[in-house]
Structures are given as C-alpha cells and as structure tokens.
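For reference, my_file_25.cif (mmCIF, C-alpha atoms and all ligand atoms):
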data_structure
loop_
_atom_site.label_atom_id
_atom_site.label_comp_id
_atom_site.auth_asym_id
_atom_site.auth_seq_id
_atom_site.Cartn_x
_atom_site.Cartn_y
_atom_site.Cartn_z
CA MET G 26 10.62 4.65 -21.89
CA SER G 27 7.81 3.00 -19.94
CA THR G 28 5.59 0.42 -21.60
CA GLY G 29 2.60 1.16 -19.38
CA TYR G 30 -0.33 3.44 -19.91
CA ASP G 31 -1.50 6.36 -17.85
CA LEU G 32 -4.58 5.51 -15.85
CA GLU G 33 -6.98 8.27 -14.93
CA LEU G 34 -9.91 8.21 -12.54
CA ILE G 35 -12.48 10.91 -13.14
CA ASN G 36 -15.09 11.60 -10.46
CA MET G 37 -15.07 7.91 -9.61
CA THR G 38 -17.92 7.20 -7.23
CA LYS G 39 -19.32 4.06 -5.60
CA ARG G 40 -22.51 3.83 -3.62
CA TYR G 41 -23.80 0.65 -2.04
CA GLY G 42 -27.35 1.62 -1.08
CA GLU G 43 -26.92 4.29 1.58
CA THR G 44 -23.15 3.75 1.89
CA LEU G 45 -20.93 6.13 -0.03
CA ALA G 46 -17.81 3.96 -0.40
CA VAL G 47 -15.91 6.13 -2.90
CA ASP G 48 -16.72 9.81 -3.27
CA ARG G 49 -15.80 11.51 -6.59
CA ILE G 50 -12.15 10.51 -6.74
CA ASN G 51 -9.97 12.24 -9.32
CA TYR G 52 -6.47 10.94 -9.83
CA GLN G 53 -3.97 10.28 -12.59
CA PHE G 54 -1.61 7.33 -12.12
CA LYS G 55 1.68 7.78 -13.91
CA ALA G 56 2.58 4.99 -16.31
CA GLY G 57 5.14 2.50 -15.04
CA SER G 58 5.01 3.53 -11.40
CA TYR G 59 4.58 1.55 -8.21
CA VAL G 60 1.63 3.10 -6.44
CA CYS G 61 0.53 2.20 -2.94
CA LEU G 62 -3.06 2.95 -2.07
CA LEU G 63 -3.39 3.03 1.69
CA GLY G 64 -5.80 3.97 4.38
CA PRO G 65 -7.76 2.46 7.26
CA SER G 66 -10.17 -0.42 6.87
CA GLY G 67 -13.43 0.62 5.20
CA CYS G 68 -12.09 3.80 3.57
CA GLY G 69 -12.85 2.55 0.04
CA LYS G 70 -9.57 1.02 -1.18
CA SER G 71 -10.94 -2.32 -2.39
CA SER G 72 -13.95 -0.67 -4.01
CA THR G 73 -11.62 1.66 -5.89
CA LEU G 74 -9.48 -1.23 -7.08
CA ARG G 75 -12.46 -3.35 -8.11
CA MET G 76 -13.92 -0.48 -10.13
CA ILE G 77 -10.59 0.03 -11.93
CA ALA G 78 -10.46 -3.71 -12.71
CA GLY G 79 -14.10 -3.89 -13.78
CA HIS G 80 -15.21 -6.28 -11.06
CA GLU G 81 -17.53 -3.61 -9.71
CA SER G 82 -19.61 -1.08 -11.63
CA LEU G 83 -19.13 2.65 -11.10
CA SER G 84 -22.05 4.56 -9.62
CA ASP G 85 -20.68 7.66 -11.32
CA GLY G 86 -17.56 8.89 -13.12
CA SER G 87 -15.13 7.03 -15.35
CA VAL G 88 -11.91 5.03 -15.63
CA VAL G 89 -9.68 6.13 -18.50
CA LEU G 90 -6.73 4.02 -19.63
CA ASP G 91 -4.37 5.39 -22.28
CA GLY G 92 -6.99 7.96 -23.29
CA PHE G 93 -9.83 5.44 -23.65
CA ASP G 94 -12.82 5.29 -21.36
CA VAL G 95 -12.84 1.65 -20.22
CA SER G 96 -15.58 2.08 -17.59
CA HIS G 97 -18.05 -0.11 -19.43
CA LEU G 98 -15.67 -2.83 -20.59
CA PRO G 99 -15.52 -6.25 -18.90
CA PRO G 100 -12.39 -6.98 -16.82
CA ALA G 101 -10.65 -9.04 -19.53
CA LYS G 102 -10.95 -6.23 -22.08
CA ARG G 103 -9.52 -3.38 -20.01
CA GLY G 104 -5.79 -3.94 -20.02
CA THR G 105 -5.87 -4.37 -16.26
CA ALA G 106 -5.52 -7.50 -14.12
CA MET G 107 -6.26 -8.06 -10.49
CA MET G 108 -4.63 -10.21 -7.87
CA PHE G 109 -7.13 -10.89 -5.12
CA GLN G 110 -6.61 -10.76 -1.38
CA ASN G 111 -7.17 -14.54 -0.96
CA TYR G 112 -5.46 -15.42 -4.30
CA ALA G 113 -8.66 -17.22 -5.48
CA LEU G 114 -6.80 -20.11 -7.12
CA PHE G 115 -8.85 -22.97 -8.59
CA PRO G 116 -8.27 -25.88 -6.18
CA HIS G 117 -8.79 -28.62 -8.76
CA LEU G 118 -6.36 -27.19 -11.34
CA THR G 119 -2.60 -27.61 -11.29
CA VAL G 120 -0.37 -24.59 -10.88
CA ARG G 121 0.29 -24.52 -14.63
CA ASP G 122 -3.41 -24.78 -15.51
CA ASN G 123 -4.28 -22.07 -13.00
CA VAL G 124 -1.80 -19.74 -14.67
CA ALA G 125 -3.00 -20.69 -18.16
CA PHE G 126 -6.68 -20.39 -17.27
CA SER G 127 -7.48 -17.07 -18.94
CA LEU G 128 -5.78 -18.21 -22.15
CA ARG G 129 -7.96 -21.33 -22.18
CA MET G 130 -10.99 -19.07 -21.87
CA LYS G 131 -9.72 -17.18 -24.90
CA GLY G 132 -9.55 -20.46 -26.83
CA MET G 133 -5.77 -20.69 -27.09
CA ASP G 134 -4.58 -24.27 -27.75
CA LYS G 135 -2.97 -26.28 -25.00
CA ILE G 136 0.60 -26.25 -26.30
CA ALA G 137 0.64 -22.49 -26.79
CA ARG G 138 -0.98 -21.67 -23.46
CA HIS G 139 1.25 -24.05 -21.54
CA ALA G 140 4.33 -22.54 -23.15
CA LYS G 141 3.21 -19.11 -22.04
CA ALA G 142 2.28 -20.32 -18.57
CA ASN G 143 5.72 -21.91 -18.24
CA ALA G 144 7.39 -18.60 -19.10
CA LEU G 145 5.37 -16.83 -16.39
CA LEU G 146 6.14 -19.58 -13.86
CA GLU G 147 9.81 -19.09 -14.66
CA LEU G 148 9.40 -15.36 -13.98
CA VAL G 149 7.99 -15.99 -10.50
CA ASP G 150 10.39 -18.85 -9.81
CA MET G 151 7.74 -21.59 -9.66
CA THR G 152 8.82 -23.85 -12.53
CA ALA G 153 9.62 -26.79 -10.26
CA LEU G 154 6.12 -26.85 -8.77
CA ALA G 155 4.10 -26.44 -11.98
CA ASP G 156 2.32 -29.79 -11.64
CA ARG G 157 1.18 -29.37 -8.06
CA LEU G 158 -2.28 -28.43 -6.86
CA PRO G 159 -2.76 -25.19 -4.86
CA ALA G 160 -3.37 -27.14 -1.64
CA GLN G 161 0.17 -28.54 -1.96
CA LEU G 162 1.73 -25.05 -1.85
CA SER G 163 2.73 -22.69 0.95
CA GLY G 164 1.11 -19.27 1.21
CA GLY G 165 4.07 -17.59 -0.44
CA GLN G 166 4.04 -20.09 -3.30
CA GLN G 167 0.30 -19.65 -3.83
CA GLN G 168 0.90 -15.96 -4.05
CA ARG G 169 3.47 -16.40 -6.80
CA VAL G 170 0.99 -18.51 -8.75
CA ALA G 171 -1.68 -15.85 -8.35
CA LEU G 172 0.79 -13.25 -9.61
CA ALA G 173 1.72 -15.33 -12.65
CA ARG G 174 -1.96 -15.92 -13.37
CA ALA G 175 -2.68 -12.18 -13.31
CA LEU G 176 0.38 -11.31 -15.42
CA ILE G 177 -0.34 -13.85 -18.19
CA THR G 178 -2.96 -11.48 -19.59
CA GLU G 179 -0.17 -8.91 -20.19
CA PRO G 180 -1.90 -6.13 -18.28
CA LYS G 181 -0.80 -2.50 -18.50
CA VAL G 182 -1.89 -2.07 -14.92
CA LEU G 183 -1.69 -4.74 -12.24
CA LEU G 184 -4.00 -4.30 -9.27
CA LEU G 185 -3.05 -5.99 -6.00
CA ASP G 186 -5.45 -5.99 -3.07
CA GLU G 187 -3.48 -6.51 0.16
CA PRO G 188 -1.30 -9.11 -1.58
CA LEU G 189 0.97 -9.70 1.41
CA SER G 190 -1.51 -9.72 4.26
CA ALA G 191 -1.81 -13.53 4.42
CA LEU G 192 1.95 -14.05 4.77
CA ASP G 193 3.98 -14.20 7.96
CA PRO G 194 6.09 -11.08 8.67
CA PHE G 195 9.38 -12.56 7.44
CA LEU G 196 7.95 -13.77 4.15
CA ARG G 197 6.05 -10.51 3.74
CA VAL G 198 9.28 -8.53 3.71
CA ARG G 199 10.86 -10.94 1.23
CA MET G 200 7.86 -10.97 -1.08
CA ARG G 201 7.57 -7.20 -1.11
CA ALA G 202 11.13 -6.96 -2.40
CA GLU G 203 10.20 -9.42 -5.12
CA LEU G 204 7.09 -7.48 -6.07
CA LYS G 205 9.13 -4.33 -6.47
CA LYS G 206 11.72 -6.14 -8.57
CA LEU G 207 9.00 -7.59 -10.77
CA GLN G 208 7.36 -4.21 -11.27
CA ARG G 209 10.68 -2.68 -12.28
CA ALA G 210 11.40 -5.56 -14.67
CA LEU G 211 7.98 -5.39 -16.34
CA GLY G 212 7.75 -1.60 -16.40
CA ILE G 213 3.97 -1.65 -15.94
CA THR G 214 1.97 0.20 -13.30
CA PHE G 215 1.32 -1.65 -10.05
CA ILE G 216 -1.44 -0.35 -7.79
CA HIS G 217 -0.99 -2.08 -4.46
CA VAL G 218 -3.57 -1.72 -1.71
CA THR G 219 -2.33 -1.97 1.83
CA HIS G 220 -3.29 -0.70 5.25
CA GLY G 221 0.33 -0.88 6.36
CA GLN G 222 2.35 2.31 6.26
CA ASP G 223 5.68 0.43 6.40
CA GLU G 224 4.74 -1.61 3.38
CA ALA G 225 3.60 1.50 1.50
CA LEU G 226 6.80 3.38 2.26
CA ALA G 227 8.96 0.40 1.32
CA LEU G 228 7.28 -0.12 -2.04
CA GLY G 229 5.55 2.97 -3.30
CA ASP G 230 7.07 5.48 -5.69
CA THR G 231 3.77 7.21 -5.13
CA LEU G 232 1.47 7.00 -2.12
CA VAL G 233 -2.24 7.67 -2.33
CA VAL G 234 -3.72 8.00 1.15
CA MET G 235 -7.47 7.51 1.41
CA ASN G 236 -9.80 8.28 4.29
CA ASN G 237 -13.60 8.31 4.40
CA ALA G 238 -14.06 7.55 0.69
CA VAL G 239 -11.79 10.36 -0.57
CA ILE G 240 -8.11 10.84 -1.33
CA GLU G 241 -6.68 12.72 1.60
CA GLN G 242 -3.18 13.19 0.16
CA ALA G 243 -1.17 11.80 -2.76
CA GLY G 244 2.38 12.26 -3.93
CA PRO G 245 5.90 10.85 -3.84
CA ALA G 246 6.38 8.61 -0.80
CA ARG G 247 8.93 10.88 0.86
CA ASP G 248 6.75 13.97 0.41
CA VAL G 249 3.72 12.30 1.96
CA TRP G 250 5.71 11.03 4.90
CA SER G 251 7.78 14.13 5.57
CA ALA G 252 5.12 16.71 4.76
CA PRO G 253 1.71 15.37 5.79
CA LYS G 254 -0.98 17.90 4.94
CA THR G 255 -3.57 16.90 7.50
CA GLU G 256 -3.76 15.57 11.02
CA PHE G 257 -5.15 12.33 9.66
CA VAL G 258 -2.18 11.74 7.34
CA ALA G 259 0.34 12.70 10.03
CA ARG G 260 -1.18 10.25 12.51
CA PHE G 261 -1.82 7.51 9.98
CA MET G 262 1.68 7.54 8.50
CA GLY G 263 3.16 7.44 11.98
CA GLY G 264 6.47 8.80 13.22
CA HIS G 265 4.92 12.22 13.78
CA ASN G 266 3.51 14.08 16.74
CA VAL G 267 0.44 16.21 16.29
CA ILE G 268 0.53 18.99 18.86
CA THR G 269 -1.30 22.23 19.50
CA LEU G 270 0.89 25.32 19.65
CA ASP G 271 -0.41 28.91 19.74
CA GLY G 272 -3.90 27.67 18.91
CA GLY G 273 -2.85 25.90 15.69
CA LYS G 274 -2.13 22.26 15.03
CA VAL G 275 1.36 21.26 13.91
CA ALA G 276 3.14 18.05 13.04
CA LEU G 277 6.57 17.34 14.44
CA ARG G 278 8.68 14.35 13.51
CA ALA G 279 9.38 12.11 16.49
CA ASP G 280 13.06 11.95 15.51
CA ASP G 281 13.22 15.76 15.68
CA VAL G 282 12.30 15.84 19.38
CA LYS G 283 15.29 16.27 21.67
CA VAL G 284 15.12 15.10 25.28
CA GLY G 285 17.57 17.10 27.38
CA ALA G 286 18.22 19.91 29.82
CA LYS G 287 16.45 22.65 27.87
CA GLY G 288 12.94 23.07 26.53
CA LEU G 289 9.35 22.50 27.61
CA PRO G 290 8.83 20.51 30.82
CA ALA G 291 7.23 17.10 30.47
CA THR G 292 6.84 13.84 32.36
CA VAL G 293 7.94 10.55 30.85
CA THR G 294 5.01 8.15 30.44
CA THR G 295 6.52 5.19 28.58
CA VAL G 296 9.94 4.04 27.40
CA GLU G 297 10.34 1.35 24.75
CA TYR G 298 13.66 -0.02 23.56
CA GLN G 299 13.38 -0.62 19.81
CA GLY G 300 16.90 -1.58 18.84
CA GLY G 301 18.48 1.29 16.94
CA HIS G 302 16.50 3.82 18.91
CA VAL G 303 14.35 4.21 21.99
CA ALA G 304 10.74 5.41 21.79
CA LEU G 305 10.06 7.72 24.70
CA ASN G 306 6.62 9.16 25.34
CA ALA G 307 6.22 12.19 27.60
CA ARG G 308 3.24 14.29 28.63
CA MET G 309 3.65 18.05 28.41
CA GLN G 310 1.89 20.51 30.73
CA SER G 311 -0.62 21.26 27.95
CA GLY G 312 -1.67 17.61 28.19
CA ASP G 313 -0.25 16.79 24.75
CA GLU G 314 1.62 13.52 24.65
CA VAL G 315 4.84 13.75 22.64
CA LEU G 316 6.81 10.85 21.17
CA ALA G 317 10.57 11.21 20.91
CA LEU G 318 12.62 8.69 18.95
CA VAL G 319 16.03 8.89 20.59
CA PRO G 320 19.07 7.18 19.06
CA GLU G 321 20.03 4.24 21.26
CA ALA G 322 23.52 5.55 22.13
CA THR G 323 22.16 9.00 23.08
CA PHE G 324 19.43 7.53 25.27
CA PHE G 325 21.72 5.25 27.26
CA LYS G 326 24.10 8.11 28.08
CA SER G 327 21.31 9.40 30.31
CA PRO G 328 18.53 6.79 30.58
CA LYS G 329 15.01 7.89 31.56
CA ASN G 330 12.18 6.03 33.24
CA PRO G 331 8.41 6.54 33.42
CA GLY G 332 7.65 9.30 35.91
CA ASP G 333 10.91 11.19 35.30
CA ALA G 334 10.76 14.93 34.68
CA VAL G 335 12.38 15.84 31.35
CA LYS G 336 12.57 18.80 28.97
CA LEU G 337 11.59 18.53 25.33
CA ALA G 338 13.02 20.74 22.60
CA TRP G 339 13.00 21.01 18.82
CA ASP G 340 14.01 23.42 16.11
CA GLU G 341 11.17 25.79 15.23
CA GLY G 342 11.95 25.21 11.58
CA ARG G 343 11.00 21.55 11.93
CA LEU G 344 7.39 22.32 12.90
CA HIS G 345 5.02 21.62 10.09
CA ARG G 346 1.64 23.33 9.99
CA LEU G 347 -1.42 21.15 9.28
CA LEU G 348 -4.57 22.04 7.37
CA GLY G 349 -7.91 21.51 9.03
P1 LIG D 1 -11.42 -0.98 2.26
O1 LIG D 1 -10.95 -1.88 1.18
O2 LIG D 1 -10.67 0.32 2.30
O3 LIG D 1 -11.44 -1.64 3.60
P2 LIG D 1 -14.02 -1.17 0.96
O4 LIG D 1 -13.89 -0.56 -0.37
O5 LIG D 1 -14.03 -2.64 1.05
O6 LIG D 1 -12.93 -0.54 1.95
O7 LIG D 1 -15.39 -0.66 1.64
C1 LIG D 1 -15.75 0.71 1.68
C2 LIG D 1 -17.14 0.82 2.31
O8 LIG D 1 -18.09 0.20 1.46
C3 LIG D 1 -17.27 0.13 3.65
O9 LIG D 1 -18.16 0.92 4.42
C4 LIG D 1 -17.89 -1.19 3.32
O10 LIG D 1 -18.63 -1.71 4.39
C5 LIG D 1 -18.77 -0.86 2.13
N1 LIG D 1 -18.91 -1.98 1.19
C6 LIG D 1 -17.91 -2.59 0.51
N2 LIG D 1 -18.37 -3.53 -0.31
C7 LIG D 1 -19.73 -3.54 -0.13
C8 LIG D 1 -20.80 -4.31 -0.71
N3 LIG D 1 -20.57 -5.24 -1.63
N4 LIG D 1 -22.05 -4.02 -0.31
C9 LIG D 1 -22.29 -3.06 0.62
N5 LIG D 1 -21.34 -2.30 1.19
C10 LIG D 1 -20.07 -2.54 0.82
MG MG D 2 -10.19 -3.88 1.32
#
Before we go any further, please render this structure as structure tokens.
Ligand code: ADP
Ligand code: MG
Amino acid sequence: MSTGYDLELINMTKRYGETLAVDRINYQFKAGSYVCLLGPSGCGKSSTLRMIAGHESLSDGSVVLDGFDVSHLPPAKRGTAMMFQNYALFPHLTVRDNVAFSLRMKGMDKIARHAKANALLELVDMTALADRLPAQLSGGQQQRVALARALITEPKVLLLDEPLSALDPFLRVRMRAELKKLQRALGITFIHVTHGQDEALALGDTLVVMNNAVIEQAGPARDVWSAPKTEFVARFMGGHNVITLDGGKVALRADDVKVGAKGLPATVTTVEYQGGHVALNARMQSGDEVLALVPEATFFKSPKNPGDAVKLAWDEGRLHRLLG
C-alpha cells in the first residue's frame, strides 16, 4: 500500500579523527512511516542523517534502500532528499527558482521545471509567494520552500534535520501538524531529527532514541514512552521517575504517583501549577526525589506546599524494571 522503500542501516559507523560519532548502527526503517530520531546534542543524529543522504561518507557499514546498497552513490542518485536545519535557500533566487533548482541541474527546460515547482508550491501552500526572494519570507514560509525544494526530487525517504527548531513555539506546533499531514499524503518515509521529546511523541509512528553514538531504544512511540528500557531513555523521554527500590533501579510514571494519607513518607520540595495538572516534587527518606503529576482538581482538594510532609504511594504493578 505504501509507495516508499524500506531503508536499512547496516553497521553504519562514522569517525571524525578520534571522535566516534556513530558506532555500528543497525536499523531497518519501515517504508511509509514517520520516524523521529531523537537524543541529546552530540549523540550522532545529524551524522546519521547526513550519511543516509550521502552528504557525509561512511567510515564503515552501508545504507541499503529497497535492497540496493546506495552507500557510494551521490545524494541526488539515492532516492533520498534532505531538508537542512537552516533551510539553506539560495538568497538570490526566487521561491520558484529555489524549488526548481535541482531540476535545472538535471537540465530540465524552464517551462517543465516551473510547472513542477508550481505543483510543489501548491502542495505547501506557497503559490502566492512564488516570485519572492527568501529574505522576503517569514521563517515558517522559508521552511515550506525548503520542504518543496526537497520534495521536488520525488524522494522515497525525506530526511529532516531539526526542521522546526528555528520557529517560535506557536508556529512549531502548527508546522508539525502540517509535516505529519504531508507525510501521510505522500506516503513516503520521513526521518525527522529532533532533540525534543514532545515533538517526537507528537509526530513519530516510530521513535529511535540515540545516546553516545548508538541506538539506545527504538520502537512504536507509545512503547518507547511507556516502557523505557534504560535509565537514560526513562529520564530523556520525561514523565518518569527513576528510583532505587530493593537495590534495583525502576521507572515509575509521574502520573502513577499518588499523594495522600498512605505510603512512603516524603517532604514536598517544589509545587508547579501546569494547568490540567500540578507537578509536585517530593524527597523520600532514601534521598530519591519523586515527581508526582496530580490532576488539578485532586490537588486543590488538599493543596500542598514546599516543606509539607506527605505520603507517596503507587501500585506495585506500575513499577517498571530498567536494564543497566
Ligand atoms: P547531533 O546531531 O546528535 O548533535 P552530530 O552528529 O552533529 O550530533 O555530532 C556527533 C559527534 O560528532 C559530536 O561529538 C560532534 O562534535 C562530532 N562531529 C560532528 N561533525 C563533525 C565534523 N565535521 N568534524 C569533527 N567532528 C564532528
Ligand atoms: Mg544535529
């Protein structure tokens, strides 16, 4: 049903001198899915994306698209396209000519390439501004142009490196909905790099969490969030406590912590009103700090303040053991 191709990374490795940026990554991206690649700054996300796109050579391993090893092909011959972090639009070209640029490089005549560029501009809702220069556009509009320019090559896989990071928070939320809609309409694979867990959860069918040059955990978004395998993933995805019980480390969802009359004694350290719920931090006698997300109505029935003694409880079945 999907028109995309499976993309497989085999032992993909990148070294820059002494720096091991990507360490033998193996992963198969399912055709037609929206994948979010996330992790802290410096963990190897951009290097991974650039190697898939062909803008960076592999130190070892291969990139396989639809069964073909494309590792040694130039970017334009891979069936992938990349949208860069800063959009990299040509300042002296109009919006339409920016979008048509790769077709001009391929020698397509002006009428044909402009017709195709116009169709892409329609897709990203930029028809009215086709004759402007990039400097005459807002950040969100520049981003649409960059998207159209990447899509004009009809990629099977679109690679987006922190595509929303330059936008203000309001526009970011709007543009992410549009990206998702576009991916669904085109049916191709999107691999979207972000360091934001909210963005990854909102967009990704699949999340690939990287840390220290390796994939720490990958899977459906809900699985990664609700069943983090390691302390790193639990902390990075947020919304979880990592606590030590009986000598082992466990993760416990903050919304599974009950603040009431029964349970382990603790002292409230901070209280933050967040709208629908209240984030309450409390220190247990073990020294572990526990975050409880309490529904707003529940909290205000019996409000707490920093310094208050409280009891924390949870269902044993909600504890989630962590590896390593
Ligand atoms: P991320 O996108 O997750 O922030 P990068 O892939 O950009 O991570 O970088 C991974 C590691 O490789 C970092 O330690 C970074 O400093 C290093 N690195 C990235 N690009 C280069 C480069 N061109 N030359 C040398 N080191 C680099
Ligand atoms: Mg990066």
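Atom to atom, atom CA of Ala160 of chain G and atom CA of Pro116 of chain G stand 6.8 Å apart.
Among the candidate residues G:Asp150, G:Gln168, G:Thr219, G:Thr178, the one lying nearest to Lys131 of chain G is G:Thr178, with distances computed using all atoms listed in the file.
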* Could you list, as a PyMOL selection string, all the residues within 8 Å of ligand MG 2 (chain D), counting only C-alpha atoms and all ligand atoms? -> chain G and resi 66-67+69-72+186-187+218
* Structure fact -> Of G:Ser190, G:His117, G:Leu184, G:Asp333, the one sitting nearest Arg157 of chain G when using only C-alpha atoms is G:His117
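By only C-alpha atoms, and with residues fewer than 4 positions from Asn236 of chain G along its chain excluded, the set lying at most 8 Å from it is Gly64, Pro65, Cys68, Gly69, Ile240 and Glu241 of chain G.
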* To do: Mind checking which residues fall within 6 Å of segment 31-44 of chain G, counting only C-alpha atoms, ignoring those fewer than 6 positions away in the same chain, and posting them as a ChimeraX atom specification?
  => /G:50-56,83-91
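Proximity to Leu207 of chain G was assessed for G:Asp134, G:Leu62, G:Leu176, G:Leu270 counting only C-alpha atoms; the smallest distance is recorded for G:Leu176.
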* Asked: Do you know which residues lie at most 10 Å from (-1.2, 22.4, 15.9), with coordinates as in the file and all atoms listed in the file counted, and could you write them as a PyMOL selection string?
  -> chain G and resi 256+266-277+344-349
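The space separating atom CA of Leu232 of chain G from atom N5 of ligand LIG 1 (chain D) comes to 24.9 Å.
Residues lying at most 9 Å from (2.4, -28.1, -11.0) in file coordinates, with only C-alpha atoms considered, are G:Leu118, G:Thr119, G:Val120, G:Arg121, G:Asp122, G:Met151, G:Thr152, G:Ala153, G:Leu154, G:Ala155, G:Asp156, G:Arg157, G:Leu158, G:Pro159.
Residue nearest Lys102 of chain G, chosen from G:Ala46, G:Met235, G:Ala171, G:Glu179 and counting all atoms listed in the file: G:Glu179.
Atom pair atom CA of Leu192 of chain G / atom CA of Gln167 of chain G has a distance of 10.4 Å (rounded to one decimal).
Of the listed residues (G:Val239, G:Ile216, G:Met76, G:Leu146), G:Leu146 comes nearest to Val170 of chain G; the distances count only C-alpha atoms.
Proximity of G:Trp250, G:Asp48, G:Leu172, G:Gly92 to Ala113 of chain G, computed with only C-alpha atoms, is greatest for G:Leu172.
Neighbours of Val303 of chain G closer than or equal to 6 Å, with only C-alpha atoms counted and sequence neighbours fewer than 5 positions away skipped, come out as G:Glu297, G:Tyr298, G:Leu318, G:Val319, G:Glu321.
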Mind giving me the axis-aligned box for segment 167-186 of chain G with 8 Å on every side, centre plus edges in Å to one decimal, as lines of an AutoDock Vina configuration file?
center_x = -1.0
center_y = -10.9
center_z = -11.6
size_x = 24.9
size_y = 33.6
size_z = 33.1
* **Spatial neighbours of Val60 of chain G, 7 Å, only C-alpha atoms, chain gap at least 6 places, as a VMD selection string** => chain G and resid 215 to 217 229 to 232
